[in-house]
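First comes the structure, then the notes that go with it.
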Amino acid sequence: MRVGGALLRYRIMAFVTGVLLIALVFVAVPLDWWGGTHGPVAVIGTAHGFLFMLYLVTALDLGVRRRWPLVRLGLVMIAGTIPFASFVAEHFVTREVRGGSA
């Protein structure tokens, strides 16, 4: 089964989700704590939440196409909730899909 498009969609969403999560955790939340400004948290948090749902869909699509075990699929999906983990997961997923190794 061809997974080129599914891998590209997953990689884009992993990057976008990771960048937004880092911006939320390391920029918006400290601004909220120290400055009392709720705007960045509301905007970035909402964007991350919406795009995280798309990340889940793209990870599920790729996982189903690759016939991953549920544990692996779950770990890849959870990676979008931990700062920097989506980049690490994307690296290993891309290497596995392109190289054929586990």
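By convention here, the chains of the structure tokens are called A, B, ... in the order presented, each chain's residues are numbered starting at 1, and ligands are numbered starting at 1 in the order presented.
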Practice prompt. Name the residues in contact with Asp61 (chain A) at a cut-off of 8 Å, using only C-alpha atoms, excluding same-chain residues fewer than 4 positions from it; report them as a ChimeraX atom specification.
Written response: /A:6,57,65
Sort by chain and increasing residue number a table of all residues of region 38-68 of chain A within 10 Å of region 85-93 of chain A, each with its closest pair of atoms and their distance in Å to one decimal, counting only C-alpha atoms, and write it as JSON lines.
{"residue": "A:Tyr55", "atom": "CA", "partner": "A:Ser86", "partner_atom": "CA", "distance": 9.9}
{"residue": "A:Ala59", "atom": "CA", "partner": "A:Val93", "partner_atom": "CA", "distance": 9.9}
{"residue": "A:Leu62", "atom": "CA", "partner": "A:Val93", "partner_atom": "CA", "distance": 9.5}
{"residue": "A:Gly63", "atom": "CA", "partner": "A:Val93", "partner_atom": "CA", "distance": 9.7}
Write the residues you've just listed into a file as an mmCIF file, in the first residue's frame, and include C-alpha atoms for each of them.
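Contents of out.cif, as written:
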data_model
loop_
_atom_site.group_PDB
_atom_site.id
_atom_site.type_symbol
_atom_site.label_atom_id
_atom_site.label_comp_id
_atom_site.auth_asym_id
_atom_site.auth_seq_id
_atom_site.Cartn_x
_atom_site.Cartn_y
_atom_site.Cartn_z
ATOM 1 C CA TYR A 55 -2.437 15.429 13.751
ATOM 2 C CA ALA A 59 -1.183 9.644 12.491
ATOM 3 C CA LEU A 62 -0.474 6.453 8.464
ATOM 4 C CA GLY A 63 -0.689 3.875 11.252
#
Worksheet item: Among chain A, which ones does DSSP place in alpha helix (DSSP H), written as a ChimeraX atom specification?
Response: /A:4-23,29-35,39-66,70-78,85-99
Item to complete: Tell me which protein, DNA and RNA residues are within 8 Å of region 31-45 of chain A, counting only C-alpha atoms, leaving out same-chain ones fewer than 5 positions away, and put them as a ChimeraX atom specification.
Response: /A:20-21,23-24
Worksheet item: With distances taken over only C-alpha atoms, which of A:Val29, A:Leu56, A:Val3, A:Leu51 is nearest to Ala79 (chain A)?
Response: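 Under the stated criterion, the closest residue is A:Leu56.
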Fill in: Length of the CA of Thr17 (chain A) to CA of Arg72 (chain A) vector [Å]
18.7 Å
Worksheet, complete the sentence: Residue with the minimum atom-to-atom distance to Met53 (chain A), picked from A:Val16, A:Val97, A:Leu7, A:Ile22 with only C-alpha atoms counted, is A:Val16
